[in-house]
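Structure record follows, encoded as structure tokens.
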Amino acid sequence: DLRHAGGATMGIAHFAKRLLRLFGLQQQRERYGFPPVDRIAFPATSSRHLAHDWPRSMLSLIAPQAALLSAEQLIHKPCCFAHLVVAAREDTYFTRSKDAAELRARAYKLARVKPRDRCSPLLACYFRRSEGAAAGRWEGGPRQVSNVDELQRTMRRLLLRVGGTVRQVNVNSSHSFSQQVVVFASCDMLVSVHGSHNANIMWMQPGSAFMEINPFLFYYSSYKHLATMAEVKYLPNRRNSIATFSRAASRFRRDFAGLDDTACQKVNRCRSLSRSFPTLVNMTDFTLNFNGGIDYVLARRKSCPRV
């Protein structure tokens with residue numbers, strides 16, 4: 001599973017699944033009777049991927065003393081382990097908010113993130129995925145939103161009433177772990193298409209809000225759960241449509257007309273294809289839920305004067 005190893009291809013959400021449950025277990029070692037972690041094996045992750053700054057920094061926060069064994073090392077010298085922690089496709093992020101808060105505090109210290117002024121103008125970020133290649137590596141596809149300009153105009157219009165601003169942001173495999181933490185920690189609100197980069201919402205400040213734009217018939221609940229554990233308000237955006245009437249899109253609509261977005265995830269072909277078309281965002285739902293996010297963030301600033 002090298003594509004999901006968290007290295008050059010930026011499959012960081014999949015790599016995080018291999019680490020955050022381990023972190024949670026370590027926080028309750030006495031309860032489970034676990035010894036300190038002294039070695040971690042990654043049977044499907046190469047040494048090149050482990051050397052990338054994102055997984056390397058995460059490991060320094062979670063198990064700084066542990067020896068790391070890559071796929072190549074395990075092939076050349078097999079070894080045995082007393083405990084096995086594995087990741088499934090289902091949610092395997094945090095199970096307790098206190099664990100998310102502890103890891104965020106460690107990341108903020110590493111990245112030198114200062115607490116955001118709770119009374120500063122509200123900053124809403126629109127995350128636009130990298131398109132094409134960075135440093136010769138594919139960044140996972142653009143996940144195109146066909147009405148992105150209308151969407152950003154709407155964000156600006158809705159923020160006028162509270163004196164807020166909109167910033168378009170991006171991180172990819174050319175950015176360090178600390179740079180990614182800083183970007184996500186700076187956003188009071190984040191709007192982003194579904195993608196592995198959204199594992200970084202765990203670095204958003206408590207009381208912020210995250211809207212995930214899901215393609216037609218695609219819904220994966222893990223980021224909702226991750227946001228909840230990180231004390232970030234999850235704003236749904238699921239009733240979107242395909243922004244093209246190509247032959248492939250028409251065939252997809254016809255083949256899976258009887259499924260909703262949760263049922264689609266149980267059918268491999270539907271799940272795989274649902275992310276392959278450009279998305280037309282439902283602006284009625286977007287406006288309603290984004291406005292709700294503004295109100296939520298402002299409500300958490302009880303000591304600040306209203307605009």
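Residue numbers start at 1 in each chain; chains themselves are named A, B, ... in the order of the structure tokens; ligands are numbered from 1 in the order shown.
For A:Asn289, the list of residues within 12 Å, based on only C-alpha atoms and with local chain neighbours fewer than 2 positions off taken out, reads Thr154, Met155, Leu158, Met189, Val191, Ala209, Phe210, Met211, Glu212, Ile213, Lys233, Tyr234, Leu235, Pro236, Asn237, Arg238, Arg239, Asn282, Met283, Thr284, Asp285, Phe286, Thr287, Asn291, Gly292, Gly293, Ile294, Asp295 and Tyr296 of chain A.
Omitting stretch 107-122 of chain A and its sequence neighbours fewer than 4 positions away, and counting only C-alpha atoms, the residues within 7 Å are Leu103, Gly163, Gly164, Thr165, Ser178, Val181, Val182, Asp188, Arg301 and Cys304 of chain A.
Of the listed residues (A:Phe23, A:Arg156, A:Val145, A:Val297), A:Val297 comes nearest to A:Cys187; the distances count only C-alpha atoms.
Taking atom CA of A:Val281 as the reference point, atom CA of A:Phe216 is found at 9.2 Å.
Taking only C-alpha atoms into account, A:Asn198 lies nearest to A:Ile12 out of the set A:Ile12, A:Leu151, A:Ala185, A:Cys79.
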Give me, as a short mmCIF file (atom, residue, chain, number, x, y, z; two decimals) with N, CA and C atoms, in the first residue's frame, the residues of stretch 10-254 of chain A that a backbone DSSP run labels strand (DSSP E or B).
data_model
loop_
_atom_site.label_atom_id
_atom_site.label_comp_id
_atom_site.auth_asym_id
_atom_site.auth_seq_id
_atom_site.Cartn_x
_atom_site.Cartn_y
_atom_site.Cartn_z
N ARG A 39 9.72 -0.48 19.08
CA ARG A 39 9.89 -0.69 17.64
C ARG A 39 8.53 -0.63 16.95
N ILE A 40 8.51 -0.03 15.78
CA ILE A 40 7.29 0.00 14.97
C ILE A 40 7.64 -0.52 13.58
N ALA A 41 6.91 -1.51 13.13
CA ALA A 41 7.14 -2.08 11.80
C ALA A 41 6.10 -1.55 10.82
N ALA A 67 12.34 2.52 17.35
CA ALA A 67 13.04 2.20 16.10
C ALA A 67 12.00 1.92 15.03
N LEU A 68 12.26 2.39 13.80
CA LEU A 68 11.31 2.23 12.71
C LEU A 68 11.84 1.20 11.72
N LEU A 69 11.01 0.23 11.39
CA LEU A 69 11.40 -0.82 10.46
C LEU A 69 10.56 -0.70 9.20
N LEU A 123 -11.27 34.22 9.64
CA LEU A 123 -10.59 33.82 8.41
C LEU A 123 -11.13 32.49 7.93
N ALA A 124 -11.73 32.50 6.74
CA ALA A 124 -12.22 31.28 6.11
C ALA A 124 -11.26 30.89 4.99
N CYS A 125 -10.81 29.65 5.00
CA CYS A 125 -9.87 29.16 3.99
C CYS A 125 -10.58 28.24 3.01
N TYR A 126 -10.27 28.41 1.74
CA TYR A 126 -10.72 27.45 0.72
C TYR A 126 -9.50 26.67 0.28
N PHE A 127 -9.51 25.36 0.50
CA PHE A 127 -8.37 24.52 0.14
C PHE A 127 -8.54 24.03 -1.29
N ALA A 133 1.63 17.70 -11.18
CA ALA A 133 2.72 17.10 -10.41
C ALA A 133 3.48 18.16 -9.65
N ALA A 134 3.99 17.77 -8.50
CA ALA A 134 4.89 18.62 -7.72
C ALA A 134 6.18 17.84 -7.52
N ARG A 137 6.01 14.40 -8.88
CA ARG A 137 5.14 13.38 -8.30
C ARG A 137 3.69 13.82 -8.40
N TRP A 138 2.81 12.88 -8.72
CA TRP A 138 1.40 13.18 -8.84
C TRP A 138 0.82 13.44 -7.45
N VAL A 145 -13.86 21.25 -8.70
CA VAL A 145 -15.16 21.84 -8.39
C VAL A 145 -15.46 22.83 -9.51
N THR A 165 -12.72 37.39 6.19
CA THR A 165 -12.02 37.33 4.90
C THR A 165 -11.88 35.88 4.44
N VAL A 166 -11.57 35.73 3.14
CA VAL A 166 -11.38 34.42 2.54
C VAL A 166 -9.96 34.33 2.00
N ARG A 167 -9.33 33.20 2.22
CA ARG A 167 -8.00 32.96 1.68
C ARG A 167 -7.97 31.59 1.02
N GLN A 168 -7.43 31.50 -0.18
CA GLN A 168 -7.25 30.21 -0.83
C GLN A 168 -5.92 29.63 -0.38
N VAL A 169 -5.93 28.38 0.10
CA VAL A 169 -4.72 27.76 0.63
C VAL A 169 -4.45 26.45 -0.09
N MET A 189 -12.33 28.78 9.62
CA MET A 189 -13.22 27.92 8.87
C MET A 189 -12.44 27.37 7.68
N LEU A 190 -12.73 26.14 7.31
CA LEU A 190 -12.07 25.53 6.17
C LEU A 190 -13.11 24.87 5.28
N VAL A 191 -13.04 25.16 3.99
CA VAL A 191 -13.87 24.50 2.99
C VAL A 191 -12.92 23.73 2.07
N SER A 192 -13.16 22.45 1.91
CA SER A 192 -12.23 21.63 1.13
C SER A 192 -12.95 20.46 0.49
N VAL A 193 -12.53 20.09 -0.70
CA VAL A 193 -13.01 18.86 -1.31
C VAL A 193 -12.49 17.68 -0.50
N ALA A 209 -14.40 25.47 12.29
CA ALA A 209 -15.40 24.71 11.55
C ALA A 209 -14.81 24.23 10.22
N PHE A 210 -15.24 23.04 9.80
CA PHE A 210 -14.72 22.40 8.58
C PHE A 210 -15.87 21.91 7.72
N MET A 211 -15.90 22.34 6.45
CA MET A 211 -16.89 21.84 5.50
C MET A 211 -16.19 20.98 4.46
N GLU A 212 -16.65 19.75 4.35
CA GLU A 212 -16.10 18.80 3.37
C GLU A 212 -17.03 18.73 2.16
N ILE A 213 -16.51 19.08 1.00
CA ILE A 213 -17.28 18.99 -0.24
C ILE A 213 -17.14 17.57 -0.79
N LYS A 233 -16.15 21.87 14.38
CA LYS A 233 -17.52 21.67 13.89
C LYS A 233 -17.50 21.15 12.46
N TYR A 234 -18.16 20.02 12.21
CA TYR A 234 -18.23 19.45 10.85
C TYR A 234 -19.48 19.98 10.16
N LEU A 235 -19.28 20.59 8.98
CA LEU A 235 -20.38 21.15 8.19
C LEU A 235 -20.59 20.26 6.96
N SER A 241 -23.73 17.37 -7.31
CA SER A 241 -23.99 16.64 -8.54
C SER A 241 -22.73 16.60 -9.41
N ILE A 242 -22.79 15.77 -10.45
CA ILE A 242 -21.68 15.69 -11.40
C ILE A 242 -21.80 16.86 -12.37
#
What does the distance between atom CA of A:Asn240 and atom CA of A:Asn172 come to in Å, to one decimal place? 25.4 Å
Show which residues sit within 6 Å of A:Tyr93, as a PyMOL selection string. Count only C-alpha atoms, and ignore same-chain residues fewer than 5 positions away. chain A and resi 17+20-21
